[in-house]
Structure formats: C-alpha cells, structure tokens
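Trainee: I am attaching a structure below and will ask some questions about it afterwards.
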Amino acid sequence: MFKNREEYLAMRAELMAEAQKLIDSGDVAGANQKIDEVKKLDADFEEWRTAQANLAAMNNRTSVTPYLPQEGNSLQMNAGNADRESDADSDQYRQAWIHSMKGMALSADERKMIDSVNSSIKMENAETASGHTLLIPTTVRKGIWERAAEEHPAISAVLPMHIQGDIVIIKDTSSDSDADWLDESESSKDAEFAEGKIVLSGCELAKSVSISWKLKKMNDQEYEAYLIRKLGTKVGNAIAKALFYGKGKPGESDTFKPQMRGVITALDAQENTPREISYSGNITYKNMTELFALMKSAYLTGSAIYARGTTIWTKLANIVDENKRPIFIPDVTAVGVGHIFGITVKAEDGVGENDVVIANFGTGYVVNFNEEMTVYTEDHVKVRVTDYMAYGIVDGDLITEDCFAVLKQQAASGGDAGKTQTGEDGK
C-alpha cells in the first residue's frame with residue numbers, strides 16, 4: 001500500500017506502463033488484467049484520501065498532506081461536515097432525495113433525513129432546507145462524475161479532491177540541475193528551490209437539464225439513472241472543455257467569470273511558448289517527433305494523446321514516416337482508439353478542432369470540489385417540465401507545465417508568430 005500521493009502515482013504509472021507493453025505485444029487479456037489492477041489502485045487511493053480527510057477533520061487540522069491551507073482562509077473541514085457527508089452516503093438519504101426530485105410527498109422520516117443533511121447549506125436567497133435545493137447524494141455525485149468520465153477520457157485521467165474551502169498547493173518552480181560529480185575535497189552545492197503555489201478557490205459551475213413530468217413517473221432506479229446520464233453529460237462537457245481551454249481567474253480588465261485554468265491556456269501564457277508548436281496543412285511525422293520532444297520522458301509514462309475524432313481520423317491516422325509506413329496503430333481495446341510511438345491516442349471532444357495535446361493529467365493537473373454539488377429544481381406548470389440545475393464550486397489548475405505539450409494549427413493569417421513552426425505541411 002502507498003504512503004502518500006506520490007507513491008500512488010508512481011505505482012499507477014508502473015501499472016500503466018506494464019499494461020501498455022502487454023497491449024503492444026498483443027496480450028489483450030493480460031493488459032485488461034493490468035487495467036483492472038489500476039482501477040483497484042484508484043479505488044484504494046480514493047478510500048485512503050477520504051480517510052485522510054476524515055482524520056484531519058477529527059483532529060481539527062486545517063489541511064491534508066500535501067496540500068496547504070491558504071493564509072487567513074483555512075479549510076472548512078470539521079466533524080459536522082464529515083457527519084453530513086456520512087449522511088449523504090446513506091441509502092435512506094438517496095431514496096429521500098430521489099423522491100424529492102420527483103416531486104413526491106415525503107414521509108416524516110424522509111423529511112427528517114433531508115433536513116438533517118441540508119440544514120447547513122447557506123442560500124443567498126435565504127431558502128430553507130425544505131426549499132428547492134438539495135445536496136446530491138454521494139452515490140449520485142459519483143455517478144455523474146463517472147458518466148462524465150465515460151464520455152471524456154481526459155476527465156477519467158483526473159482524480160478529483162473534495163476539500164471544502166480554498167486550498168493552496170505548494171510546488172517547485174525551479175529547474176534545478178542534476179547532482180554533481182565531485183572530487184573528495186570538493187563540497188556539494190545547495191540545490192535550488194523556487195517556491196510557487198496554486199490557489200484553488202471558488203469557481204461556480206452550473207448546468208441544467210429539463211425533464212418532463214411524464215418522465216418523472218418512471219421508477220426510482222430508472223429516474224436516477226436518467227438524471228445521472230443527463231447531468232453527467234452536461235457537467236462533463238463543461239469540465240472537459242475547461243481542462244484544455246479554461247481561462248482561469250480574471251484580471252482587473254477581464255470580464256469573464258472565474259473558471260478552471262486549462263492546459264492550452266497555461267501553455268499559451270508561457271514566455272515564448274516553449275511547450276507549443278504549430279503546423280500548417282497536414283500533420284507530418286516531423287511535427288509529431290517535435291511534439292514528443294517537448295515532453296520530459298519521465299512524464300510520458302501515464303500520458304495520452306488527446307484530439308477530436310475528426311482530427312484523429314483525418315490527420316493523425318494518415319501520418320506516415322519516411323518509408324511511407326503509418327505511425328498511427330489502430331487499437332480495438334477500450335483504452336483508446338490507437339497508438340502513436342507507443343502512447344495511447346484518445347478521442348476527446350474537449351479539445352478544439354485540429355489541436356493535438358499530449359497530457360499526463362494524473363501527475364500534472366489537480367481538480368478540487370471546494371463545495372459539493374447541489375441540485376436546484378424549478379417547475380414550469382404550463383409546459384409541464386421541471387428544470388434541474390446542478391450547482392457546485394470547483395477549480396482546477398496545472399501542477400507543472402512539464403506534463404503537457406500541444407500541437408496547434410497555424411492560423412491562416414500567418415498568426416502564432418511566437419510559436420515554433422516547421423514550414424508548409426510541417427516539412
């Protein structure tokens with residue numbers, strides 16, 4: 001068993017590498033066994049992370065290692081919140097929540113359960129817990145995330161945290177040199193360390209779906225699955241796009257709302273964009289070798305290539321080397337749609353048309369739900385439909401830019417002058 005997140009990530013990367021080797025050798029059954037081991041490891045890590053959070057709450061600590069609280073704004077993790085989360089895990093609350101969402105009359109026990117879980121939710125319009133907003137049960141919340149991950153492989157590569165309030169993650173921003181070889185009489189140099197930080201604060205995420213009153217008459221299990229599918233798709237589309245193009249926090253002159261900072265947004269902001277290259281026309285073999293050269297080899301294990309389906313099948317699938325051999329190897333397994341240079345290619349609609357991204361989200365990106373998702377409901381009598389709006393506070397950012405590289409199509413006007421280019425058709 002791992003002792004911290006770093007050990008977990010190392011174990012996960014090793015298993016993923018072994019699975020990749022088995023796939024490359026044609027041993028699909030063996031690869032699937034390794035994938036099952038990865039899933040088990042992910043589940044164990046989630047249990048470990050939850051236990052860490054609960055222990056921190058019981059000890060009245062303000063953070064969970066390795067995440068540090070923002071000065072003057074400690075994490076809102078206490079026993080009361082832990083109790084509420086425990087209640088939200090229960091089948092009783094889940095059943096009461098479903099009945100409430102369907103507009104059914106609640107029993108006295110169901111009303112008591114609803115009130116006990118939601119009594120601490122502070123609403124701007126001073127609605128009570130018996131009003132129209134309720135904390136989503138844990139099983140439903142996980143179902144929404146799993147649905148989003150099914151449709152967006154980039155989301156499935158991210159392990160979300162659930163720490164209330166703003167959190168600060170300290171990171172090393174220096175590019176320290178390797179250890180020195182020394183003579184016996186020489187003393188070693190002090191390692192350089194430049195401290196940076198990521199502040200994950202409140203970014204509002206709200207997505208709504210409408211369900212007819214007729215559909216609300218389906219049985220509880222079918223209704224729950226239908227609601228998870230609808231909300232999971234909406235929430236997933238928003239988060240997947242934000243993982244790549246989220247604008248981050250607005251400056252004084254910006255008018256957009258606070259949101260997660262996307263990978264391409266962050267790489268665009270780097271001086272001279274060292275982790276971006278551009279191409280014109282078709283993507284070539286040389287474009288891909290240059291793109292891979294931007295990634296540190298240590299981060300290639302566990303990474304994937306993300307692009308839209310149209311980009312994969314009209315551009316990446318047609319790349320050939322100098323001997324006219326295709327470098328894209330189709331793959332019928334569920335891991336991805338193929339491989340390029342041994343790295344899995346995954347169809348991701350969160351990536352823009354003609355963009356190609358190499359990303360190791362498991363190591364290089366962090367997402368936190370600062371406030372768990374609730375659902376607002378609103379009935380429309382004339383058209384006999386109910387609006388369900390999932391609302392949560394979520395934020396995300398890059399831990400290190402070294403885990404990412406992007407290949408972008410050069411603008412027709414000759415823009416992207418600051419990007420590295422390889423000429424017409426990348427030759």
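For the structure tokens, the naming scheme is as follows: chains receive sequential letters (A, B, ...) according to their order of presentation, residues are indexed from 1 within each chain, and ligands are indexed from 1 in presentation order.
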From a backbone DSSP assignment, name each residue in region 112-361 of chain A labelled alpha helix (DSSP H), as a ChimeraX atom specification.

Mentor: /A:112-118,138-151,153-156,220-245,263-269,285-293,297-300,309-314,361

Trainee: Counting only C-alpha atoms, figure out which residue out of A:Leu106, A:Ala149, A:Ile228, A:Leu159 gets nearest to Phe45 (chain A).

Mentor: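 Comparing A:Leu106, A:Ala149, A:Ile228, A:Leu159 against Phe45 (chain A), the winner is A:Leu159.
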
Trainee: For Ile136 (chain A), find every residue with an atom within 10 Å (counting only C-alpha atoms), except residues of its own chain fewer than 3 positions away, and show them as a list of chain:residue names.

Mentor: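 Counting only the stated atoms, we get A:Ala88, A:Asp89, A:Tyr93, A:Arg94, A:Trp97, A:Ile98, A:Asn118, A:Thr133, A:Thr139, A:Val140, A:Arg141, A:Lys142, A:Ile144, A:Glu372, A:Met373, A:Thr374, A:Val375, A:Ala390, A:Tyr391.
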